[in-house]
$ cat protein.txt   # compact mmCIF, C-alpha atoms
# COMPACT_ATOMS: atom_id res chain seq x y z
CA MET A 228 -51.90 -70.27 54.83
CA ASP A 229 -50.66 -66.67 55.12
CA ALA A 230 -47.06 -67.88 55.44
CA ASP A 231 -47.43 -70.03 52.33
CA LEU A 232 -48.82 -67.07 50.40
CA ILE A 233 -45.89 -64.92 51.55
CA VAL A 234 -43.46 -67.64 50.43
CA VAL A 235 -45.11 -67.63 47.00
CA ILE A 236 -44.80 -63.83 46.84
CA VAL A 237 -41.17 -63.93 48.01
CA VAL A 238 -40.24 -66.64 45.48
CA ALA A 239 -41.99 -64.70 42.70
CA THR A 240 -40.18 -61.52 43.78
CA ALA A 241 -36.86 -63.38 43.91
CA LEU A 242 -37.40 -64.67 40.39
CA ALA A 243 -38.37 -61.17 39.28
CA PHE A 244 -35.10 -59.95 40.80
CA ASP A 245 -33.26 -62.73 38.97
CA PHE A 246 -34.89 -61.60 35.74
CA THR A 247 -33.78 -57.99 36.35
CA ASN A 248 -30.33 -59.33 37.24
CA GLY A 249 -30.06 -61.02 33.85
CA PHE A 250 -31.61 -58.00 32.16
CA HIS A 251 -29.27 -55.59 33.96
CA ASP A 252 -26.12 -57.70 33.67
CA THR A 253 -26.47 -58.76 30.04
CA ALA A 254 -24.12 -55.89 29.34
CA ASN A 255 -21.34 -57.49 31.36
CA VAL A 256 -21.44 -60.57 29.25
CA VAL A 257 -22.14 -59.40 25.73
CA ALA A 258 -21.10 -55.75 25.45
CA THR A 259 -17.49 -56.44 24.52
CA SER A 260 -18.46 -59.07 21.92
CA ILE A 261 -21.00 -56.72 20.34
CA SER A 262 -18.83 -53.61 20.35
CA THR A 263 -15.90 -55.40 18.67
CA ARG A 264 -18.35 -57.05 16.22
CA ALA A 265 -17.29 -60.50 17.30
CA MET A 266 -20.98 -61.43 17.30
CA ALA A 267 -24.21 -59.92 16.04
CA PRO A 268 -26.21 -58.41 18.93
CA GLN A 269 -29.15 -60.82 18.93
CA ILE A 270 -26.88 -63.86 18.54
CA ALA A 271 -24.60 -62.65 21.34
CA VAL A 272 -27.54 -62.11 23.67
CA GLY A 273 -29.11 -65.51 22.83
CA TYR A 274 -25.75 -67.25 23.28
CA ALA A 275 -25.22 -65.53 26.64
CA ALA A 276 -28.75 -66.42 27.76
CA ALA A 277 -28.20 -70.11 26.97
CA LEU A 278 -24.85 -70.21 28.81
CA ASN A 279 -26.27 -68.25 31.75
CA PHE A 280 -28.86 -71.01 32.06
CA VAL A 281 -26.22 -73.75 31.96
CA GLY A 282 -23.93 -71.84 34.34
CA ALA A 283 -26.60 -71.79 37.03
CA PHE A 284 -26.26 -75.57 37.42
CA ILE A 285 -22.53 -75.92 37.89
CA SER A 286 -22.00 -74.84 41.49
CA LEU A 287 -23.86 -74.07 44.74
CA GLU A 288 -21.05 -72.51 46.77
CA VAL A 289 -22.29 -68.92 46.35
CA ALA A 290 -25.89 -69.91 47.19
CA ALA A 291 -24.58 -71.45 50.41
CA THR A 292 -22.76 -68.22 51.31
CA ILE A 293 -25.91 -66.14 50.78
CA ALA A 294 -28.05 -68.59 52.75
CA LYS A 295 -25.67 -68.99 55.69
CA ASP A 296 -23.10 -66.20 56.00
CA VAL A 297 -24.84 -62.84 55.48
CA VAL A 298 -27.66 -62.57 58.02
CA VAL A 299 -28.81 -64.60 61.02
CA VAL A 300 -31.45 -66.96 59.66
CA ARG A 301 -34.56 -67.35 61.81
CA ALA A 302 -35.86 -70.78 60.85
CA GLY A 303 -39.61 -71.18 61.01
CA ASP A 304 -40.15 -67.46 61.69
CA PRO A 305 -42.71 -65.93 59.29
CA GLU A 306 -41.44 -62.43 60.11
CA PHE A 307 -38.10 -63.39 58.57
CA LEU A 308 -39.95 -63.91 55.29
CA LEU A 309 -40.71 -60.19 55.37
CA VAL A 310 -36.99 -59.50 55.84
CA VAL A 311 -36.19 -61.51 52.71
CA PHE A 312 -39.01 -59.76 50.86
CA GLY A 313 -37.77 -56.30 51.94
CA GLY A 314 -34.26 -57.19 50.80
CA LEU A 315 -35.49 -58.29 47.40
CA VAL A 316 -37.54 -55.14 46.89
CA GLY A 317 -34.52 -53.03 47.89
CA ALA A 318 -32.40 -54.83 45.30
CA ILE A 319 -35.00 -54.58 42.52
CA ALA A 320 -35.61 -50.89 43.21
CA TRP A 321 -31.88 -50.11 43.12
CA ASN A 322 -31.44 -52.16 39.93
CA LEU A 323 -34.22 -50.21 38.26
CA ILE A 324 -32.88 -46.84 39.42
CA THR A 325 -29.37 -47.59 38.09
CA TRP A 326 -30.85 -49.04 34.88
CA TYR A 327 -32.77 -45.77 34.47
CA PHE A 328 -29.52 -43.80 34.66
CA ALA A 329 -27.66 -46.41 32.53
CA LEU A 330 -25.15 -47.18 35.28
CA PRO A 331 -23.71 -50.69 35.44
CA SER A 332 -24.05 -51.11 39.22
CA SER A 333 -23.96 -54.46 40.97
CA SER A 334 -27.14 -56.54 41.25
CA SER A 335 -25.33 -58.79 43.70
CA HIS A 336 -24.40 -56.02 46.09
CA ALA A 337 -27.91 -54.62 45.73
CA LEU A 338 -29.32 -57.99 46.82
CA ILE A 339 -26.92 -58.41 49.73
CA GLY A 340 -27.36 -54.76 50.75
CA GLY A 341 -31.15 -55.09 50.60
CA VAL A 342 -31.23 -58.23 52.75
CA VAL A 343 -28.75 -56.76 55.27
CA GLY A 344 -30.78 -53.52 55.49
CA ALA A 345 -34.06 -55.37 56.01
CA ALA A 346 -32.50 -57.67 58.63
CA PHE A 347 -31.05 -54.64 60.42
CA ALA A 348 -34.44 -52.89 60.40
CA SER A 349 -36.01 -56.04 61.79
CA GLN A 350 -33.67 -57.07 64.60
CA GLY A 351 -30.87 -54.52 64.77
CA ALA A 352 -27.16 -55.10 64.27
CA ASP A 353 -27.27 -58.56 65.86
CA ALA A 354 -29.24 -59.82 62.84
CA VAL A 355 -26.32 -59.12 60.51
CA LYS A 356 -23.35 -61.46 60.31
CA GLY A 357 -20.68 -58.78 60.14
CA ASP A 358 -17.85 -61.29 59.72
CA GLY A 359 -19.54 -62.90 56.73
CA VAL A 360 -20.45 -59.57 55.12
CA LEU A 361 -16.92 -58.22 55.58
CA GLY A 362 -14.97 -61.37 54.78
CA LYS A 363 -17.10 -62.87 52.03
CA VAL A 364 -18.67 -59.79 50.43
CA MET A 365 -16.81 -56.53 51.14
CA VAL A 366 -13.21 -57.71 50.79
CA PRO A 367 -13.86 -59.76 47.60
CA ALA A 368 -15.82 -56.73 46.33
CA LEU A 369 -12.63 -54.69 46.55
CA VAL A 370 -10.25 -57.40 45.39
CA ALA A 371 -12.19 -58.72 42.36
CA PRO A 372 -12.42 -55.56 40.21
CA THR A 373 -8.82 -54.63 41.08
CA LEU A 374 -7.66 -58.11 40.16
CA ALA A 375 -9.67 -58.04 36.91
CA PHE A 376 -8.18 -54.59 36.13
CA VAL A 377 -4.63 -55.92 36.63
CA VAL A 378 -5.22 -59.20 34.75
CA GLY A 379 -7.01 -57.45 31.86
CA GLY A 380 -4.26 -54.81 31.65
CA LEU A 381 -1.33 -57.25 31.82
CA SER A 382 -3.00 -59.58 29.33
CA ILE A 383 -3.46 -56.90 26.71
CA LEU A 384 0.11 -55.61 27.17
CA ILE A 385 1.50 -59.11 26.58
CA ILE A 386 -0.91 -59.77 23.69
CA TYR A 387 0.17 -56.58 21.91
CA ARG A 388 3.81 -57.60 22.32
CA ILE A 389 3.11 -61.06 20.85
CA VAL A 390 0.90 -60.08 17.91
CA GLY A 391 2.18 -56.54 17.38
CA ARG A 392 4.04 -57.27 14.13
CA LEU A 393 1.35 -59.37 12.48
CA ARG A 394 -1.04 -58.13 9.82
CA PRO A 395 -4.02 -56.54 11.60
CA GLY A 396 -6.74 -58.27 9.53
CA PRO A 397 -6.11 -61.88 10.60
CA VAL A 398 -5.34 -60.78 14.16
CA THR A 399 -8.68 -58.97 14.45
CA ARG A 400 -10.55 -61.93 12.98
CA GLY A 401 -8.66 -64.33 15.25
CA PHE A 402 -9.48 -62.42 18.42
CA ARG A 403 -13.11 -62.09 17.34
CA GLY A 404 -13.17 -65.89 17.13
CA GLY A 405 -11.52 -66.04 20.56
CA GLN A 406 -14.20 -63.75 21.93
CA VAL A 407 -16.82 -66.37 21.10
CA VAL A 408 -15.04 -68.66 23.58
CA SER A 409 -14.14 -66.02 26.19
CA GLY A 410 -17.63 -64.46 25.97
CA GLY A 411 -19.17 -67.91 26.43
CA LEU A 412 -17.01 -68.55 29.46
CA LEU A 413 -17.97 -65.17 30.88
CA ALA A 414 -21.68 -65.96 30.38
CA LEU A 415 -21.18 -69.30 32.11
CA ALA A 416 -19.37 -67.57 34.97
CA HIS A 417 -22.14 -65.00 35.25
CA GLY A 418 -24.83 -67.68 35.40
CA THR A 419 -22.82 -69.55 38.02
CA ASN A 420 -22.24 -66.61 40.35
CA ASP A 421 -25.41 -64.55 39.89
CA ALA A 422 -28.17 -67.16 39.55
CA GLN A 423 -26.88 -68.70 42.77
CA LYS A 424 -27.56 -65.51 44.69
CA THR A 425 -31.26 -65.80 43.91
CA MET A 426 -31.16 -69.49 44.80
CA GLY A 427 -29.59 -68.49 48.13
CA VAL A 428 -32.32 -65.94 48.84
CA ILE A 429 -35.10 -68.39 47.97
CA ALA A 430 -33.35 -70.89 50.25
CA LEU A 431 -33.47 -68.26 53.03
CA ALA A 432 -37.24 -67.90 52.49
CA LEU A 433 -37.73 -71.67 52.52
CA VAL A 434 -35.75 -71.95 55.77
CA ALA A 435 -37.87 -69.18 57.30
CA ASN A 436 -40.96 -71.10 56.24
CA GLY A 437 -39.61 -74.31 57.75
CA THR A 438 -39.46 -76.04 54.36
CA LEU A 439 -35.65 -76.31 54.40
CA SER A 440 -33.32 -77.06 57.29
CA ALA A 441 -31.15 -74.14 58.44
CA ALA A 442 -28.22 -76.52 58.88
CA SER A 443 -28.09 -77.56 55.22
CA PRO A 444 -30.06 -75.04 53.18
CA ASP A 445 -29.14 -76.45 49.75
CA PRO A 446 -31.70 -75.20 47.24
CA PRO A 447 -33.96 -77.93 45.81
CA THR A 448 -33.93 -78.69 42.07
CA TRP A 449 -37.04 -76.63 41.27
CA VAL A 450 -35.31 -73.58 42.75
CA ILE A 451 -32.19 -74.15 40.65
CA VAL A 452 -34.20 -74.65 37.45
CA SER A 453 -36.46 -71.65 38.01
CA ALA A 454 -33.55 -69.35 38.94
CA ALA A 455 -31.60 -70.49 35.88
CA THR A 456 -34.65 -69.87 33.67
CA ALA A 457 -35.34 -66.41 35.11
CA ILE A 458 -31.77 -65.16 34.67
CA ALA A 459 -31.58 -66.62 31.16
CA LEU A 460 -34.86 -64.93 30.17
CA GLY A 461 -33.68 -61.62 31.61
CA THR A 462 -30.43 -61.95 29.73
CA TYR A 463 -32.28 -62.69 26.50
CA VAL A 464 -34.51 -59.64 26.86
CA GLY A 465 -31.36 -57.65 27.49
CA GLY A 466 -30.51 -54.22 28.78
CA TRP A 467 -29.40 -52.35 25.70
CA ARG A 468 -28.76 -49.05 27.50
CA ILE A 469 -26.11 -50.58 29.74
CA ILE A 470 -24.68 -52.59 26.86
CA ARG A 471 -23.87 -49.30 25.15
CA THR A 472 -22.17 -47.91 28.27
CA MET A 473 -20.09 -51.04 28.79
CA GLY A 474 -19.36 -51.72 25.16
CA SER A 475 -18.21 -48.39 23.83
CA ARG A 476 -18.62 -45.51 26.23
CA ILE A 477 -15.89 -46.50 28.72
CA HIS A 478 -13.42 -46.79 25.86
CA LYS A 479 -13.51 -47.91 22.26
CA MET A 480 -12.25 -51.49 22.29
CA ASP A 481 -10.51 -53.55 19.67
CA SER A 482 -11.10 -57.29 19.51
CA ALA A 483 -7.85 -58.11 21.37
CA GLN A 484 -8.92 -55.87 24.26
CA GLY A 485 -12.38 -57.44 24.24
CA PHE A 486 -10.81 -60.89 24.40
CA ALA A 487 -8.43 -59.89 27.22
CA ALA A 488 -11.24 -58.23 29.21
CA GLN A 489 -13.60 -61.19 28.86
CA GLY A 490 -10.84 -63.68 29.70
CA ALA A 491 -9.82 -61.73 32.79
CA GLY A 492 -13.44 -61.31 33.92
CA ALA A 493 -14.27 -64.98 33.45
CA ALA A 494 -11.12 -66.12 35.29
CA VAL A 495 -11.81 -63.92 38.32
CA ILE A 496 -15.54 -64.76 38.52
CA LEU A 497 -15.08 -68.52 38.10
CA ALA A 498 -12.25 -68.64 40.65
CA SER A 499 -14.36 -66.63 43.12
CA SER A 500 -17.48 -68.73 42.55
CA HIS A 501 -15.43 -71.85 43.23
CA VAL A 502 -14.61 -70.66 46.76
CA GLY A 503 -18.11 -69.22 47.36
CA PHE A 504 -17.46 -65.46 47.09
CA PRO A 505 -20.68 -63.77 45.89
CA LEU A 506 -18.87 -61.02 44.03
CA SER A 507 -20.19 -58.49 41.57
CA THR A 508 -19.87 -59.66 37.99
CA THR A 509 -20.56 -56.06 36.93
CA HIS A 510 -17.65 -54.61 38.86
CA THR A 511 -15.37 -57.41 37.83
CA ILE A 512 -15.95 -57.03 34.10
CA SER A 513 -15.94 -53.22 34.43
CA GLY A 514 -12.50 -53.51 36.06
CA ALA A 515 -11.29 -55.78 33.25
CA VAL A 516 -12.66 -53.46 30.54
CA ILE A 517 -11.06 -50.39 32.13
CA GLY A 518 -7.78 -52.29 32.69
CA SER A 519 -7.58 -53.40 29.06
CA GLY A 520 -8.20 -49.81 27.94
CA ALA A 521 -5.86 -48.13 30.41
CA ALA A 522 -3.00 -50.50 29.60
CA LYS A 523 -3.12 -49.44 25.96
CA ARG A 524 -3.40 -45.72 26.65
CA LEU A 525 -4.56 -44.06 29.86
CA SER A 526 -6.37 -41.32 27.97
CA ALA A 527 -8.38 -43.94 26.02
CA VAL A 528 -10.54 -44.50 29.10
CA ARG A 529 -13.33 -42.03 29.81
CA TRP A 530 -12.41 -41.58 33.43
CA GLY A 531 -15.46 -39.46 34.17
CA LEU A 532 -17.72 -42.34 33.25
CA ALA A 533 -15.45 -44.79 35.07
CA GLY A 534 -15.83 -42.49 38.11
CA ASN A 535 -19.63 -42.69 37.83
CA ILE A 536 -19.40 -46.47 37.81
CA VAL A 537 -17.21 -46.38 40.91
CA ALA A 538 -19.68 -44.00 42.59
CA ALA A 539 -22.57 -46.39 41.82
CA TRP A 540 -20.39 -49.20 43.15
CA VAL A 541 -19.78 -47.42 46.47
CA LEU A 542 -23.43 -46.38 46.79
CA THR A 543 -25.02 -49.74 45.94
CA LEU A 544 -24.68 -51.57 49.27
CA PRO A 545 -25.85 -48.68 51.50
CA ALA A 546 -28.57 -47.48 49.10
CA ALA A 547 -30.06 -50.95 48.65
CA ALA A 548 -29.77 -51.48 52.42
CA VAL A 549 -31.75 -48.29 53.10
CA ILE A 550 -34.45 -49.23 50.55
CA GLY A 551 -34.56 -52.79 51.94
CA GLY A 552 -34.89 -51.49 55.51
CA VAL A 553 -37.60 -48.98 54.60
CA THR A 554 -39.49 -51.63 52.60
CA TYR A 555 -39.37 -54.05 55.52
CA SER A 556 -40.58 -51.35 57.93
CA ILE A 557 -43.50 -50.35 55.69
CA THR A 558 -44.43 -53.99 55.05
CA ARG A 559 -44.30 -54.68 58.79
CA LEU A 560 -46.83 -51.90 59.40
CA PHE A 561 -49.43 -54.23 57.89
CA GLY A 562 -48.51 -57.00 60.36
CA THR A 563 -46.83 -60.32 59.60
CA GLY A 564 -49.52 -61.47 57.17
CA ALA A 565 -49.62 -61.36 53.40
CA VAL A 566 -51.22 -57.89 53.13
CA GLY A 567 -47.92 -55.98 53.43
CA PRO A 568 -46.07 -57.97 50.72
CA VAL A 569 -49.11 -57.73 48.42
CA VAL A 570 -49.33 -53.94 48.85
CA MET A 571 -45.57 -53.51 48.35
CA SER A 572 -45.59 -55.78 45.29
CA VAL A 573 -48.30 -53.63 43.71
CA LEU A 574 -46.32 -50.49 44.53
CA ILE A 575 -43.07 -51.82 43.08
CA LEU A 576 -44.86 -52.99 39.94
CA ALA A 577 -46.49 -49.58 39.51
CA GLY A 578 -43.14 -47.84 40.14
CA SER A 579 -41.37 -50.08 37.62
CA ALA A 580 -44.04 -49.43 35.00
CA ALA A 581 -43.73 -45.67 35.57
CA LEU A 582 -39.93 -45.80 35.21
CA PHE A 583 -40.14 -47.85 32.02
CA ALA A 584 -42.76 -45.52 30.56
CA ARG A 585 -40.72 -42.43 31.43
CA ARG A 586 -37.59 -43.93 29.96
CA ALA A 587 -39.43 -44.98 26.82
CA GLN A 588 -40.64 -41.41 26.37
CA GLN A 589 -37.22 -39.84 26.97
CA ALA A 590 -34.80 -42.24 25.38
CA SER A 591 -33.48 -41.91 21.93
CA PRO A 592 -34.05 -45.29 20.24
CA VAL A 593 -31.27 -47.75 20.97
CA GLY A 594 -31.88 -50.57 18.60
CA ALA A 595 -30.41 -53.98 18.45
CA GLY A 596 -27.74 -52.82 16.11
CA ALA A 597 -26.49 -50.04 18.35
CA MET B 278 -7.96 -53.29 61.60
CA ARG B 279 -5.51 -55.75 60.12
CA ALA B 280 -6.22 -58.20 62.93
CA VAL B 281 -9.98 -57.89 62.32
CA LEU B 282 -9.53 -58.51 58.60
CA ALA B 283 -7.25 -61.45 59.26
CA SER B 284 -9.84 -63.02 61.53
CA VAL B 285 -12.80 -62.70 59.15
CA VAL B 286 -11.22 -63.07 55.71
CA ASP B 287 -10.49 -66.55 54.44
CA GLY B 288 -6.96 -65.64 53.34
CA LYS B 289 -6.31 -69.04 51.78
CA ALA B 290 -9.40 -68.80 49.56
CA LEU B 291 -8.62 -65.20 48.64
CA LEU B 292 -5.02 -66.07 47.70
CA GLN B 293 -6.33 -68.99 45.66
CA VAL B 294 -8.66 -66.63 43.76
CA ILE B 295 -5.78 -64.23 43.11
CA TRP B 296 -3.25 -66.73 41.80
CA VAL B 297 -5.78 -68.75 39.80
CA SER B 298 -7.17 -65.58 38.20
CA ILE B 299 -3.72 -64.33 37.24
CA ALA B 300 -2.53 -67.70 35.97
CA ALA B 301 -5.71 -68.52 34.04
CA GLY B 302 -6.57 -65.02 32.86
CA ILE B 303 -3.12 -64.15 31.56
CA GLY B 304 -2.09 -67.71 30.67
CA VAL B 305 -5.05 -68.47 28.42
CA THR B 306 -4.96 -65.14 26.60
CA VAL B 307 -1.20 -65.42 26.03
CA VAL B 308 -1.46 -69.00 24.73
CA PHE B 309 -4.30 -67.93 22.44
CA ALA B 310 -2.18 -65.04 21.10
CA VAL B 311 0.70 -67.45 20.47
CA GLY B 312 -1.75 -69.67 18.56
CA LEU B 313 -2.76 -66.68 16.49
CA VAL B 314 0.89 -65.99 15.66
CA GLY B 315 1.23 -69.63 14.61
CA ALA B 316 -1.86 -69.53 12.39
CA THR B 317 -1.00 -66.22 10.73
CA ARG B 318 2.65 -67.10 10.15
CA ALA B 319 1.67 -70.55 8.83
CA VAL B 320 -0.57 -68.96 6.20
CA ASP B 321 2.08 -66.37 5.23
CA LEU B 322 4.93 -68.92 5.02
CA SER B 323 2.81 -71.40 3.12
CA ARG B 324 1.95 -68.70 0.58
CA ASP B 325 5.67 -67.98 0.17
CA GLY B 326 6.44 -71.68 -0.39
CA HIS B 327 8.18 -72.36 2.97
CA ARG B 328 6.27 -75.54 3.66
CA VAL B 329 8.33 -76.94 6.55
CA GLU B 330 8.29 -73.71 8.53
CA ALA B 331 4.62 -73.29 7.71
CA ALA B 332 3.88 -76.78 9.07
CA LEU B 333 5.75 -75.99 12.28
CA PHE B 334 3.78 -72.80 12.82
CA ALA B 335 0.55 -74.63 12.00
CA ALA B 336 1.43 -77.24 14.64
CA LEU B 337 2.04 -74.40 17.11
CA ALA B 338 -1.40 -72.97 16.28
CA VAL B 339 -3.10 -76.34 16.77
CA ALA B 340 -1.28 -76.98 20.05
CA ALA B 341 -2.18 -73.52 21.38
CA THR B 342 -5.85 -73.91 20.38
CA ALA B 343 -5.96 -77.33 22.03
CA ALA B 344 -4.38 -75.90 25.19
CA VAL B 345 -6.96 -73.10 25.36
CA LEU B 346 -9.86 -75.53 24.90
CA LEU B 347 -8.36 -77.89 27.51
CA ALA B 348 -8.07 -74.99 29.96
CA VAL B 349 -11.74 -74.11 29.42
CA VAL B 350 -12.85 -77.72 29.92
CA PHE B 351 -10.60 -78.05 32.98
CA ALA B 352 -12.11 -74.89 34.50
CA ILE B 353 -15.64 -76.25 34.05
CA VAL B 354 -14.71 -79.68 35.45
CA VAL B 355 -13.10 -78.07 38.53
CA MET B 356 -16.22 -75.94 39.05
CA THR B 357 -18.62 -78.86 38.83
CA ASP B 358 -16.42 -81.13 40.92
CA LYS B 359 -16.92 -79.31 44.24
$ encode --input "protein.txt" --output "structure tokens"
Amino acid sequence: MDADLIVVIVVATALAFDFTNGFHDTANVVATSISTRAMAPQIAVGYAAALNFVGAFISLEVAATIAKDVVVVRAGDPEFLLVVFGGLVGAIAWNLITWYFALPSSSSHALIGGVVGAAFASQGADAVKGDGVLGKVMVPALVAPTLAFVVGGLSILIIYRIVGRLRPGPVTRGFRGGQVVSGGLLALAHGTNDAQKTMGVIALALVANGTLSAASPDPPTWVIVSAATAIALGTYVGGWRIIRTMGSRIHKMDSAQGFAAQGAGAAVILASSHVGFPLSTTHTISGAVIGSGAAKRLSAVRWGLAGNIVAAWVLTLPAAAVIGGVTYSITRLFGTGAVGPVVMSVLILAGSAALFARRAQQASPVGAGA
Amino acid sequence: MRAVLASVVDGKALLQVIWVSIAAGIGVTVVFAVGLVGATRAVDLSRDGHRVEAALFAALAVAATAAVLLAVVFAIVVMTDK
């Protein structure tokens, strides 16, 4: 009975994380379309939400990586449910902290960091699959943004050469039209890669509960549908603060740069999802946005802000791991029953409400048209 | 260090991600830009009365748009196929 209640709490927490993931990462998908006026803000966000939902259904490779290659899964062990719970809380807390400071950090790395930290706190280094974390998370985490930077930069250089002598009006309108397609593809890619991470974590919880087999932990349909819904809802609600950072504060984009950045981001994320790399969509699109700006003119990029993004990038895995580990340890103080997760859930809800209230008091209004 | 990386990183998958990203990311944006040249030049030439050249540029625009849409569909099919 207690284990079932913990599973319910873990699934609800995972879906809450998925919601914050959509909320936090909306910027990745829609910021370039909004800032170049390719789409009106509410339409862009609704469009991205719909394609995030669809994207969640097109692959399960990343979910499999999360469920099998990051930590040692202890099938049928209720204590492992607390590990998954601690990891989720670590990820949510880090997402909220970076949202508060308007930094586009990675929800994916927060989730993986949180689960790794909680597993480490539970069973020591043996609980972490170092090979999987290094080979399937860390190395792609370095390669993907660099690749997106290069592809975004080269694309815009070639585009400017091709369309450079044309009248600017039709070119701008044409690339805005292209952004509808490239932005859609990026939303699809985001749904594919990010919703699967939540599916993978729920699969971990179901394996720990004995509901799924550890040998083939493919998430059942209800998990896929609920994860897709949560990320789509989060995307629809949107994170306007981060949209502003991504859309105009890194550099002021024209529609050709927006198109190149979205195309590069979508290509890297879809290719990575296909082989099961759970990479950060945030870092990938940030790399593409910076690449498309730097290729035009190095001074066009606000390198100080880009540096902050890189700092958040470096900090995310260890910070989420520490929060995940601490959460697991506190939860474990209450035993292996449902009391610990209930207490921690109340605390995280109260903390989230306090952060939102504080931000609402401090923030200058950032409306839909910003 | 290199030996450790070589043993844990799926080099084949990583190389696949790199070449596919470069080919698709740059390829699609370049083809789209060529389509834009075709569309813009077709309108300009048509306005100036050069109908044959305008038709050729229009055909280029249509072909480029079709190629971009095909690439998008192909990407989705490949993703769902696995």
$ interface_residues --input "protein.txt" --of "chain B" --to "chain A" --cutoff "7 Å" --atoms "all atoms listed in the file" --output "ChimeraX atom specification"
/B:285-287,290,294,297-299,301-303,306-307,310-311,313-314,317,356-357
$ residues_around --input "protein.txt" --residues "Ile451 in chain A" --least-positions-apart "3" --cutoff "8 Å" --atoms "all atoms listed in the file" --output "ChimeraX atom specification"
/A:283-284,423,426,446-448,454-455
$ atom_distance --input "protein.txt" --atom1 "CA of Leu242 in chain A" --atom2 "CA of Tyr327 in chain A"
20.3 Å
$ residues_around --input "protein.txt" --residues "range 323-340 of chain B" --least-positions-apart "5" --cutoff "6 Å" --atoms "only C-alpha atoms" --output "list in words"
Gly312, Gly315 and Ala316 of chain B
$ atom_distance --input "protein.txt" --atom1 "CA of Ser333 in chain A" --atom2 "CA of Trp321 in chain A"
9.3 Å
$ residues_around --input "protein.txt" --residues "Val450 in chain A" --least-positions-apart "5" --cutoff "12 Å" --atoms "only C-alpha atoms" --output "ChimeraX atom specification"
/A:238-239,241-242,245,283-284,287,290,422-433,439,444-445,455-457
$ atom_distance --input "protein.txt" --atom1 "CA of Val343 in chain A" --atom2 "CA of Asn255 in chain A"
25.0 Å
$ closest_residue --input "protein.txt" --among "B:Ala300, B:Ala319, B:Ala280, B:Val305" --to "Val349 in chain B" --atoms "all atoms listed in the file"
B:Val305
$ closest_residue --input "protein.txt" --among "A:Leu369, A:Leu315, A:Ile458, A:Ile517" --to "Ala533 in chain A" --atoms "only C-alpha atoms"
A:Ile517
$ residues_near_point --input "protein.txt" --point "(-16.2, -66.1, 11.7)" --cutoff "10 Å" --atoms "all atoms listed in the file" --output "JSON, numbers by chain"
{"A": [265, 266, 400, 401, 403, 404, 407]}
$ residues_around --input "protein.txt" --residues "range 337-341 of chain A" --least-positions-apart "2" --cutoff "6 Å" --atoms "all atoms listed in the file" --output "number ranges by chain"
A: 314, 317-318, 334-335, 343-344, 543-544, 547-548, 551
$ closest_residue --input "protein.txt" --among "A:Val237, A:Ala267, A:Ala275, A:Ala291" --to "Met571 in chain A" --atoms "only C-alpha atoms"
A:Val237
$ build_atoms --input "protein.txt" --residues "range 349-360 of chain A" --atoms "N, CA and C atoms" --output "short mmCIF file (atom, residue, chain, number, x, y, z; two decimals), in the coordinates of the input"
data_model
loop_
_atom_site.label_atom_id
_atom_site.label_comp_id
_atom_site.auth_asym_id
_atom_site.auth_seq_id
_atom_site.Cartn_x
_atom_site.Cartn_y
_atom_site.Cartn_z
N SER A 349 -35.18 -55.10 61.04
CA SER A 349 -36.01 -56.04 61.79
C SER A 349 -35.50 -56.32 63.20
N GLN A 350 -34.19 -56.60 63.31
CA GLN A 350 -33.67 -57.07 64.60
C GLN A 350 -32.42 -56.32 65.08
N GLY A 351 -32.07 -55.26 64.38
CA GLY A 351 -30.87 -54.52 64.77
C GLY A 351 -29.60 -55.18 64.28
N ALA A 352 -28.47 -54.66 64.78
CA ALA A 352 -27.16 -55.10 64.27
C ALA A 352 -26.90 -56.58 64.51
N ASP A 353 -27.52 -57.15 65.55
CA ASP A 353 -27.27 -58.56 65.86
C ASP A 353 -27.76 -59.49 64.75
N ALA A 354 -28.68 -58.97 63.90
CA ALA A 354 -29.24 -59.82 62.84
C ALA A 354 -28.29 -59.96 61.66
N VAL A 355 -27.24 -59.11 61.65
CA VAL A 355 -26.32 -59.12 60.51
C VAL A 355 -25.04 -59.85 60.90
N LYS A 356 -24.61 -60.76 60.04
CA LYS A 356 -23.35 -61.46 60.31
C LYS A 356 -22.21 -60.62 59.73
N GLY A 357 -21.70 -59.73 60.59
CA GLY A 357 -20.68 -58.78 60.14
C GLY A 357 -19.45 -59.47 59.56
N ASP A 358 -19.04 -60.58 60.20
CA ASP A 358 -17.85 -61.29 59.72
C ASP A 358 -18.06 -61.78 58.29
N GLY A 359 -19.25 -62.36 58.06
CA GLY A 359 -19.54 -62.90 56.73
C GLY A 359 -19.61 -61.79 55.70
N VAL A 360 -20.29 -60.69 56.07
CA VAL A 360 -20.45 -59.57 55.12
C VAL A 360 -19.08 -58.98 54.78
#
